[in-house]
Amino acid sequence: MIDRFDVQEVRRDFPVLDREIRPGVPLVYLDSTATSQKPQAVLAAMDAFYRENNANIHRGVHTLAEEATAMYESAREKVAKFINAPAARQVVFTRNTSEAINLVAYTWARANLKPGDLVILTEMEHHSNLVPWHMLAAERGVDLDFIPVTEDGLLDLDVYRQLLTRDPKLVSFTHMSNVLGTITPAAEIIRLAHEAGAVTLLDGAQSVPHLPVDVQALDVDFLAFSAHKMLGPTGIGVLYGKAALLDAMPPFLGGGDMIKTVHLRSFLPNTVPHKFEAGTPAIAEAVGFGAAVDYLSSLGMDKVAAHEHEIIAYALERLEEVPGLQLFGPSAEHKGGVASFVFDGVHPHDVAQILDRDGIAVRAGHHCAQPLHEKFGIPATTRASFYVYSTKPEVDKLIEGLYEVKKIFG
């Protein structure tokens, strides 16, 4: 682990940050909440795998197959250690956070929930933690209810406590809002859910890349997150689960590697985690994921979180200077590196397009959180998001770009 966090040293590890959008206009990448950039270590690990070790895993006995298998399972072990899972077998590789949540909905939930059972969500959920439960409600008749979001972007825990009196079976919620940046009090929410007899699922897509997350300290039952938001490649994510829950769950997909034996009229599923990993997995992506975990671990997640807190505090201070700009979400004390806002009289897509002319990459839209935007009476926001390579001068360029937007639209 590094002794101190030097953002300029970190930036040298990311080749894309040297890019100019056009001659003389350097890239200012402020869209890490959507996907993060990749350090050279991740790119090199995946390239080396394809050049030297490429083979299918688990079934071959030749050298390349054994090497590839070892690299794939080593990545699983690295991820398990990163989140302090009791055992690597409790880390299931999926395609992304969305698939990890759907895995729970299609297996644990369909095996354990019946009509009238209550699932508690929140008003700040990403669609990936809403739509699977809507589908389950339509199919099985389960009830859905929601922890409200307050005007300052926090969860109303008084209402949550009232919901818990209705004997919920599952509480599924985000650890960090991808719109508001709100860091939810996950440990308290999980503790209260368990006291009420409910299972918990934590959407860690935005938290695991940015904060120290310890599944044993949280005592969470399920945790879902993605590699591409934490410096790794796209196409691979994780479902962590408590061993007893995973062991009892039926398979999700059928195919190769998720079986022990197959007969014409029956089959016997494999053990966890392979029971949930049908077919050839994303092997190179797992190798890249492991390299990303190594990189973040070398930085130290406490230092990553401290750097982002410094950047978001500065960004909020500067954004509040801009006339006609309305910020959403809590103060820096309660949020991660996400700043979402609207500009009076200017559509968020226009804001993003004008900023792009100056090389500033931000996101505009509802960010797969339409109900949250409806809550605040707006169709969309512009979102700037920050990560390990973000700097205060980049925040200053964002502010300059916003004044240019204001000038253009009067």
# chains A, B, ... in the order shown; residues from 1 in each chain; ligands from 1

$ residues_around --residues "Leu398 (chain A)" --least-positions-apart "5" --cutoff "10 Å" --atoms "only C-alpha atoms" --output "PyMOL selection string"
chain A and resi 28+30+315+318-319+355+358-362+384+392-393+403-404

$ atom_distance --atom1 "CA of Val287 (chain A)" --atom2 "CA of Ala224 (chain A)"
18.7 Å

$ select_by_dssp --residues "region 114-290 of chain A" --states "strand (DSSP E)" --output "JSON, numbers by chain"
{"A": [118, 119, 120, 121, 122, 143, 144, 145, 146, 147, 170, 171, 172, 173, 174, 199, 200, 201, 202, 203, 222, 223, 224, 225, 226, 237, 238, 239, 240, 241, 259, 260, 261, 262, 263, 266, 267, 268, 269]}

$ write_last_selection --atoms "N, CA and C atoms" --output "CSV table (one decimal), in the first residue's frame"
chain,number,residue,atom,x,y,z
A,118,LEU,N,-43.5,-9.0,1.4
A,118,LEU,CA,-43.1,-7.6,1.2
A,118,LEU,C,-41.6,-7.6,0.9
A,119,VAL,N,-41.2,-6.8,-0.2
A,119,VAL,CA,-39.9,-6.5,-0.5
A,119,VAL,C,-39.7,-5.0,-0.3
A,120,ILE,N,-38.8,-4.6,0.5
A,120,ILE,CA,-38.5,-3.1,0.7
A,120,ILE,C,-37.4,-2.7,-0.2
A,121,LEU,N,-37.6,-1.6,-0.9
A,121,LEU,CA,-36.6,-1.0,-1.8
A,121,LEU,C,-36.5,0.5,-1.3
A,122,THR,N,-35.8,1.3,-2.1
A,122,THR,CA,-35.8,2.8,-1.8
A,122,THR,C,-36.1,3.5,-3.1
A,143,ASP,N,-45.4,-7.9,-2.7
A,143,ASP,CA,-45.7,-6.5,-2.6
A,143,ASP,C,-44.3,-5.7,-2.5
A,144,LEU,N,-44.3,-4.5,-3.1
A,144,LEU,CA,-43.1,-3.7,-3.0
A,144,LEU,C,-43.5,-2.4,-2.3
A,145,ASP,N,-42.6,-2.0,-1.4
A,145,ASP,CA,-42.7,-0.7,-0.8
A,145,ASP,C,-41.3,0.0,-0.7
A,146,PHE,N,-41.3,1.3,-0.4
A,146,PHE,CA,-40.1,2.1,-0.7
A,146,PHE,C,-39.7,3.0,0.5
A,147,ILE,N,-38.5,3.0,0.9
A,147,ILE,CA,-38.0,4.0,1.8
A,147,ILE,C,-37.9,5.3,1.1
A,170,LEU,N,-37.4,-9.3,2.3
A,170,LEU,CA,-36.2,-8.8,1.7
A,170,LEU,C,-36.1,-7.3,1.7
A,171,VAL,N,-34.9,-6.8,2.1
A,171,VAL,CA,-34.6,-5.4,2.0
A,171,VAL,C,-33.4,-5.3,1.0
A,172,SER,N,-33.7,-4.6,-0.2
A,172,SER,CA,-32.7,-4.5,-1.2
A,172,SER,C,-32.5,-3.0,-1.5
A,173,PHE,N,-31.2,-2.6,-1.4
A,173,PHE,CA,-31.0,-1.1,-1.5
A,173,PHE,C,-29.6,-0.8,-1.9
A,174,THR,N,-29.4,0.4,-2.4
A,174,THR,CA,-28.1,0.9,-2.9
A,174,THR,C,-27.3,1.4,-1.7
A,199,VAL,N,-34.0,-10.8,4.8
A,199,VAL,CA,-32.7,-11.0,4.1
A,199,VAL,C,-32.4,-9.7,3.4
A,200,THR,N,-31.0,-9.4,3.3
A,200,THR,CA,-30.6,-8.1,2.7
A,200,THR,C,-29.8,-8.3,1.5
A,201,LEU,N,-30.0,-7.4,0.5
A,201,LEU,CA,-29.2,-7.3,-0.7
A,201,LEU,C,-28.7,-5.9,-0.9
A,202,LEU,N,-27.4,-5.7,-1.0
A,202,LEU,CA,-26.8,-4.4,-1.2
A,202,LEU,C,-26.3,-4.2,-2.6
A,203,ASP,N,-26.8,-3.2,-3.2
A,203,ASP,CA,-26.2,-2.8,-4.5
A,203,ASP,C,-25.0,-2.0,-4.3
A,222,PHE,N,-26.4,-10.5,0.7
A,222,PHE,CA,-25.9,-10.5,-0.7
A,222,PHE,C,-25.3,-9.1,-1.0
A,223,LEU,N,-24.3,-9.1,-1.9
A,223,LEU,CA,-23.7,-7.8,-2.3
A,223,LEU,C,-23.4,-8.0,-3.8
A,224,ALA,N,-23.8,-7.0,-4.6
A,224,ALA,CA,-23.6,-7.0,-6.1
A,224,ALA,C,-22.8,-5.8,-6.5
A,225,PHE,N,-21.8,-6.1,-7.4
A,225,PHE,CA,-21.0,-4.9,-7.9
A,225,PHE,C,-20.4,-5.4,-9.2
A,226,SER,N,-19.8,-4.4,-9.9
A,226,SER,CA,-19.2,-4.6,-11.3
A,226,SER,C,-17.7,-4.2,-11.3
A,237,GLY,N,-18.9,-9.0,-13.4
A,237,GLY,CA,-19.4,-8.5,-12.1
A,237,GLY,C,-19.4,-9.6,-11.0
A,238,VAL,N,-19.9,-9.3,-9.9
A,238,VAL,CA,-19.9,-10.2,-8.8
A,238,VAL,C,-21.2,-10.2,-8.0
A,239,LEU,N,-21.6,-11.4,-7.6
A,239,LEU,CA,-22.6,-11.6,-6.6
A,239,LEU,C,-21.9,-12.3,-5.4
A,240,TYR,N,-21.7,-11.6,-4.3
A,240,TYR,CA,-21.3,-12.2,-3.0
A,240,TYR,C,-22.6,-12.7,-2.3
A,241,GLY,N,-22.5,-13.8,-1.7
A,241,GLY,CA,-23.6,-14.3,-0.8
A,241,GLY,C,-23.1,-15.1,0.3
A,259,ILE,N,-22.8,-28.0,-13.9
A,259,ILE,CA,-23.3,-29.4,-13.6
A,259,ILE,C,-22.2,-30.3,-13.0
A,260,LYS,N,-22.7,-31.2,-12.3
A,260,LYS,CA,-21.8,-32.4,-11.9
A,260,LYS,C,-22.0,-33.5,-12.8
A,261,THR,N,-23.3,-33.9,-13.0
A,261,THR,CA,-23.6,-34.9,-14.0
A,261,THR,C,-24.8,-34.6,-14.7
A,262,VAL,N,-25.0,-35.1,-16.0
A,262,VAL,CA,-26.2,-34.9,-16.8
A,262,VAL,C,-26.6,-36.2,-17.4
A,263,HIS,N,-27.9,-36.5,-17.3
A,263,HIS,CA,-28.5,-37.7,-18.0
A,263,HIS,C,-29.6,-37.2,-18.9
A,266,SER,N,-32.3,-36.1,-16.4
A,266,SER,CA,-32.0,-35.5,-15.1
A,266,SER,C,-30.6,-34.9,-15.1
A,267,PHE,N,-30.3,-34.0,-14.1
A,267,PHE,CA,-29.0,-33.5,-14.0
A,267,PHE,C,-28.8,-33.2,-12.5
A,268,LEU,N,-27.5,-33.1,-12.1
A,268,LEU,CA,-27.1,-32.8,-10.8
A,268,LEU,C,-26.2,-31.5,-10.9
A,269,PRO,N,-26.7,-30.4,-10.2
A,269,PRO,CA,-25.9,-29.2,-10.3
A,269,PRO,C,-24.6,-29.2,-9.6

$ atom_distance --atom1 "CA of Val208 (chain A)" --atom2 "CA of Asp396 (chain A)"
27.2 Å

$ atom_distance --atom1 "CA of Ile101 (chain A)" --atom2 "CA of Pro251 (chain A)"
14.2 Å

$ residues_around --residues "Gly153 (chain A)" --least-positions-apart "6" --cutoff "10 Å" --atoms "only C-alpha atoms" --output "JSON, numbers by chain"
{"A": [124, 177, 179, 180, 181, 182, 183, 184, 328, 329, 330, 331, 334, 335, 372, 376]}

$ decode --residues "region 137-272 of chain A" --atoms "C-alpha atoms" --output "PDB file, in the first residue's frame"
ATOM      1  CA  ALA A 137     -44.311  -8.682  -8.325  1.00  0.00           C
ATOM      2  CA  ALA A 138     -46.148  -9.170 -11.613  1.00  0.00           C
ATOM      3  CA  GLU A 139     -45.314 -12.883 -11.679  1.00  0.00           C
ATOM      4  CA  ARG A 140     -45.677 -13.853  -8.016  1.00  0.00           C
ATOM      5  CA  GLY A 141     -47.818 -11.141  -6.458  1.00  0.00           C
ATOM      6  CA  VAL A 142     -45.208  -9.962  -3.971  1.00  0.00           C
ATOM      7  CA  ASP A 143     -45.654  -6.469  -2.572  1.00  0.00           C
ATOM      8  CA  LEU A 144     -43.113  -3.679  -3.046  1.00  0.00           C
ATOM      9  CA  ASP A 145     -42.703  -0.651  -0.824  1.00  0.00           C
ATOM     10  CA  PHE A 146     -40.079   2.053  -0.677  1.00  0.00           C
ATOM     11  CA  ILE A 147     -37.974   3.986   1.817  1.00  0.00           C
ATOM     12  CA  PRO A 148     -38.533   7.641   0.848  1.00  0.00           C
ATOM     13  CA  VAL A 149     -35.778  10.055  -0.090  1.00  0.00           C
ATOM     14  CA  THR A 150     -35.814  13.341   1.813  1.00  0.00           C
ATOM     15  CA  GLU A 151     -35.461  16.728   0.140  1.00  0.00           C
ATOM     16  CA  ASP A 152     -31.772  16.811   1.065  1.00  0.00           C
ATOM     17  CA  GLY A 153     -31.148  13.436  -0.563  1.00  0.00           C
ATOM     18  CA  LEU A 154     -31.045  11.137   2.470  1.00  0.00           C
ATOM     19  CA  LEU A 155     -33.169   8.096   3.294  1.00  0.00           C
ATOM     20  CA  ASP A 156     -36.027   8.533   5.751  1.00  0.00           C
ATOM     21  CA  LEU A 157     -35.181   5.863   8.310  1.00  0.00           C
ATOM     22  CA  ASP A 158     -38.248   6.645  10.420  1.00  0.00           C
ATOM     23  CA  VAL A 159     -40.438   5.454   7.553  1.00  0.00           C
ATOM     24  CA  TYR A 160     -38.105   2.476   7.103  1.00  0.00           C
ATOM     25  CA  ARG A 161     -38.687   1.433  10.703  1.00  0.00           C
ATOM     26  CA  GLN A 162     -42.436   1.606  10.092  1.00  0.00           C
ATOM     27  CA  LEU A 163     -42.088  -0.566   6.985  1.00  0.00           C
ATOM     28  CA  LEU A 164     -40.177  -3.150   8.991  1.00  0.00           C
ATOM     29  CA  THR A 165     -43.232  -3.714  11.213  1.00  0.00           C
ATOM     30  CA  ARG A 166     -44.902  -5.317   8.170  1.00  0.00           C
ATOM     31  CA  ASP A 167     -42.654  -8.410   8.309  1.00  0.00           C
ATOM     32  CA  PRO A 168     -40.638  -7.899   5.095  1.00  0.00           C
ATOM     33  CA  LYS A 169     -38.815 -10.839   3.560  1.00  0.00           C
ATOM     34  CA  LEU A 170     -36.166  -8.838   1.672  1.00  0.00           C
ATOM     35  CA  VAL A 171     -34.603  -5.386   1.957  1.00  0.00           C
ATOM     36  CA  SER A 172     -32.691  -4.509  -1.233  1.00  0.00           C
ATOM     37  CA  PHE A 173     -31.023  -1.104  -1.482  1.00  0.00           C
ATOM     38  CA  THR A 174     -28.137   0.885  -2.887  1.00  0.00           C
ATOM     39  CA  HIS A 175     -25.023   1.607  -0.856  1.00  0.00           C
ATOM     40  CA  MET A 176     -24.370   4.786  -2.841  1.00  0.00           C
ATOM     41  CA  SER A 177     -26.797   6.584  -5.149  1.00  0.00           C
ATOM     42  CA  ASN A 178     -25.515   6.960  -8.703  1.00  0.00           C
ATOM     43  CA  VAL A 179     -27.444  10.257  -8.991  1.00  0.00           C
ATOM     44  CA  LEU A 180     -27.298  11.913  -5.583  1.00  0.00           C
ATOM     45  CA  GLY A 181     -24.027  10.401  -4.434  1.00  0.00           C
ATOM     46  CA  THR A 182     -25.703   9.641  -1.112  1.00  0.00           C
ATOM     47  CA  ILE A 183     -23.862   7.054   0.972  1.00  0.00           C
ATOM     48  CA  THR A 184     -26.624   5.184   2.739  1.00  0.00           C
ATOM     49  CA  PRO A 185     -26.229   3.944   6.352  1.00  0.00           C
ATOM     50  CA  ALA A 186     -25.899   0.363   5.162  1.00  0.00           C
ATOM     51  CA  ALA A 187     -24.830  -1.206   8.445  1.00  0.00           C
ATOM     52  CA  GLU A 188     -27.842   0.242  10.279  1.00  0.00           C
ATOM     53  CA  ILE A 189     -30.287  -0.656   7.503  1.00  0.00           C
ATOM     54  CA  ILE A 190     -28.967  -4.238   7.433  1.00  0.00           C
ATOM     55  CA  ARG A 191     -29.035  -4.592  11.228  1.00  0.00           C
ATOM     56  CA  LEU A 192     -32.636  -3.396  11.423  1.00  0.00           C
ATOM     57  CA  ALA A 193     -33.647  -5.688   8.540  1.00  0.00           C
ATOM     58  CA  HIS A 194     -32.136  -8.714  10.264  1.00  0.00           C
ATOM     59  CA  GLU A 195     -33.896  -7.838  13.506  1.00  0.00           C
ATOM     60  CA  ALA A 196     -37.133  -7.915  11.500  1.00  0.00           C
ATOM     61  CA  GLY A 197     -36.223 -11.296   9.980  1.00  0.00           C
ATOM     62  CA  ALA A 198     -35.481 -10.034   6.470  1.00  0.00           C
ATOM     63  CA  VAL A 199     -32.703 -10.987   4.061  1.00  0.00           C
ATOM     64  CA  THR A 200     -30.628  -8.088   2.703  1.00  0.00           C
ATOM     65  CA  LEU A 201     -29.209  -7.329  -0.736  1.00  0.00           C
ATOM     66  CA  LEU A 202     -26.799  -4.415  -1.158  1.00  0.00           C
ATOM     67  CA  ASP A 203     -26.217  -2.784  -4.549  1.00  0.00           C
ATOM     68  CA  GLY A 204     -22.531  -1.949  -4.256  1.00  0.00           C
ATOM     69  CA  ALA A 205     -21.974  -0.835  -7.854  1.00  0.00           C
ATOM     70  CA  GLN A 206     -21.050   2.677  -6.699  1.00  0.00           C
ATOM     71  CA  SER A 207     -19.635   1.915  -3.251  1.00  0.00           C
ATOM     72  CA  VAL A 208     -17.218  -0.979  -3.702  1.00  0.00           C
ATOM     73  CA  PRO A 209     -15.075   1.009  -6.191  1.00  0.00           C
ATOM     74  CA  HIS A 210     -14.874   4.033  -3.910  1.00  0.00           C
ATOM     75  CA  LEU A 211     -15.072   2.966  -0.255  1.00  0.00           C
ATOM     76  CA  PRO A 212     -13.708   0.203   1.954  1.00  0.00           C
ATOM     77  CA  VAL A 213     -16.509  -2.412   1.953  1.00  0.00           C
ATOM     78  CA  ASP A 214     -16.352  -5.328   4.384  1.00  0.00           C
ATOM     79  CA  VAL A 215     -19.166  -7.848   3.921  1.00  0.00           C
ATOM     80  CA  GLN A 216     -18.525  -9.478   7.297  1.00  0.00           C
ATOM     81  CA  ALA A 217     -18.581  -6.180   9.184  1.00  0.00           C
ATOM     82  CA  LEU A 218     -21.792  -5.191   7.372  1.00  0.00           C
ATOM     83  CA  ASP A 219     -23.249  -8.689   7.876  1.00  0.00           C
ATOM     84  CA  VAL A 220     -24.924  -8.305   4.478  1.00  0.00           C
ATOM     85  CA  ASP A 221     -26.548 -11.383   2.939  1.00  0.00           C
ATOM     86  CA  PHE A 222     -25.927 -10.467  -0.721  1.00  0.00           C
ATOM     87  CA  LEU A 223     -23.672  -7.844  -2.337  1.00  0.00           C
ATOM     88  CA  ALA A 224     -23.608  -7.009  -6.057  1.00  0.00           C
ATOM     89  CA  PHE A 225     -21.011  -4.938  -7.926  1.00  0.00           C
ATOM     90  CA  SER A 226     -19.200  -4.585 -11.275  1.00  0.00           C
ATOM     91  CA  ALA A 227     -15.554  -4.569 -12.361  1.00  0.00           C
ATOM     92  CA  HIS A 228     -15.868  -1.803 -14.944  1.00  0.00           C
ATOM     93  CA  LYS A 229     -16.733   0.814 -12.322  1.00  0.00           C
ATOM     94  CA  MET A 230     -13.600  -0.048 -10.312  1.00  0.00           C
ATOM     95  CA  LEU A 231     -10.863   0.256 -12.965  1.00  0.00           C
ATOM     96  CA  GLY A 232     -11.533  -3.210 -14.404  1.00  0.00           C
ATOM     97  CA  PRO A 233     -13.005  -4.380 -17.713  1.00  0.00           C
ATOM     98  CA  THR A 234     -16.622  -4.450 -18.779  1.00  0.00           C
ATOM     99  CA  GLY A 235     -18.514  -7.729 -18.954  1.00  0.00           C
ATOM    100  CA  ILE A 236     -17.803  -9.084 -15.470  1.00  0.00           C
ATOM    101  CA  GLY A 237     -19.355  -8.477 -12.068  1.00  0.00           C
ATOM    102  CA  VAL A 238     -19.859 -10.201  -8.752  1.00  0.00           C
ATOM    103  CA  LEU A 239     -22.576 -11.564  -6.554  1.00  0.00           C
ATOM    104  CA  TYR A 240     -21.314 -12.225  -3.039  1.00  0.00           C
ATOM    105  CA  GLY A 241     -23.632 -14.263  -0.844  1.00  0.00           C
ATOM    106  CA  LYS A 242     -23.626 -15.928   2.520  1.00  0.00           C
ATOM    107  CA  ALA A 243     -22.702 -19.561   2.030  1.00  0.00           C
ATOM    108  CA  ALA A 244     -25.919 -21.075   3.383  1.00  0.00           C
ATOM    109  CA  LEU A 245     -28.044 -18.930   1.085  1.00  0.00           C
ATOM    110  CA  LEU A 246     -25.973 -19.687  -2.025  1.00  0.00           C
ATOM    111  CA  ASP A 247     -25.907 -23.406  -1.278  1.00  0.00           C
ATOM    112  CA  ALA A 248     -29.705 -23.531  -0.973  1.00  0.00           C
ATOM    113  CA  MET A 249     -30.416 -21.526  -4.128  1.00  0.00           C
ATOM    114  CA  PRO A 250     -31.288 -23.338  -7.378  1.00  0.00           C
ATOM    115  CA  PRO A 251     -29.161 -22.756 -10.487  1.00  0.00           C
ATOM    116  CA  PHE A 252     -29.735 -19.603 -12.511  1.00  0.00           C
ATOM    117  CA  LEU A 253     -28.681 -20.688 -16.031  1.00  0.00           C
ATOM    118  CA  GLY A 254     -28.192 -24.162 -17.479  1.00  0.00           C
ATOM    119  CA  GLY A 255     -25.203 -25.301 -19.494  1.00  0.00           C
ATOM    120  CA  GLY A 256     -21.608 -26.334 -19.235  1.00  0.00           C
ATOM    121  CA  ASP A 257     -19.620 -26.110 -16.006  1.00  0.00           C
ATOM    122  CA  MET A 258     -22.682 -25.608 -13.777  1.00  0.00           C
ATOM    123  CA  ILE A 259     -23.287 -29.351 -13.568  1.00  0.00           C
ATOM    124  CA  LYS A 260     -21.766 -32.360 -11.880  1.00  0.00           C
ATOM    125  CA  THR A 261     -23.588 -34.948 -13.971  1.00  0.00           C
ATOM    126  CA  VAL A 262     -26.162 -34.870 -16.779  1.00  0.00           C
ATOM    127  CA  HIS A 263     -28.451 -37.688 -17.950  1.00  0.00           C
ATOM    128  CA  LEU A 264     -31.119 -37.589 -20.607  1.00  0.00           C
ATOM    129  CA  ARG A 265     -33.836 -37.144 -18.013  1.00  0.00           C
ATOM    130  CA  SER A 266     -32.015 -35.485 -15.097  1.00  0.00           C
ATOM    131  CA  PHE A 267     -28.982 -33.512 -13.981  1.00  0.00           C
ATOM    132  CA  LEU A 268     -27.110 -32.771 -10.774  1.00  0.00           C
ATOM    133  CA  PRO A 269     -25.893 -29.183 -10.333  1.00  0.00           C
ATOM    134  CA  ASN A 270     -22.344 -28.282  -9.418  1.00  0.00           C
ATOM    135  CA  THR A 271     -21.354 -26.759  -6.102  1.00  0.00           C
ATOM    136  CA  VAL A 272     -21.126 -23.013  -5.420  1.00  0.00           C
TER     137      VAL A 272
END
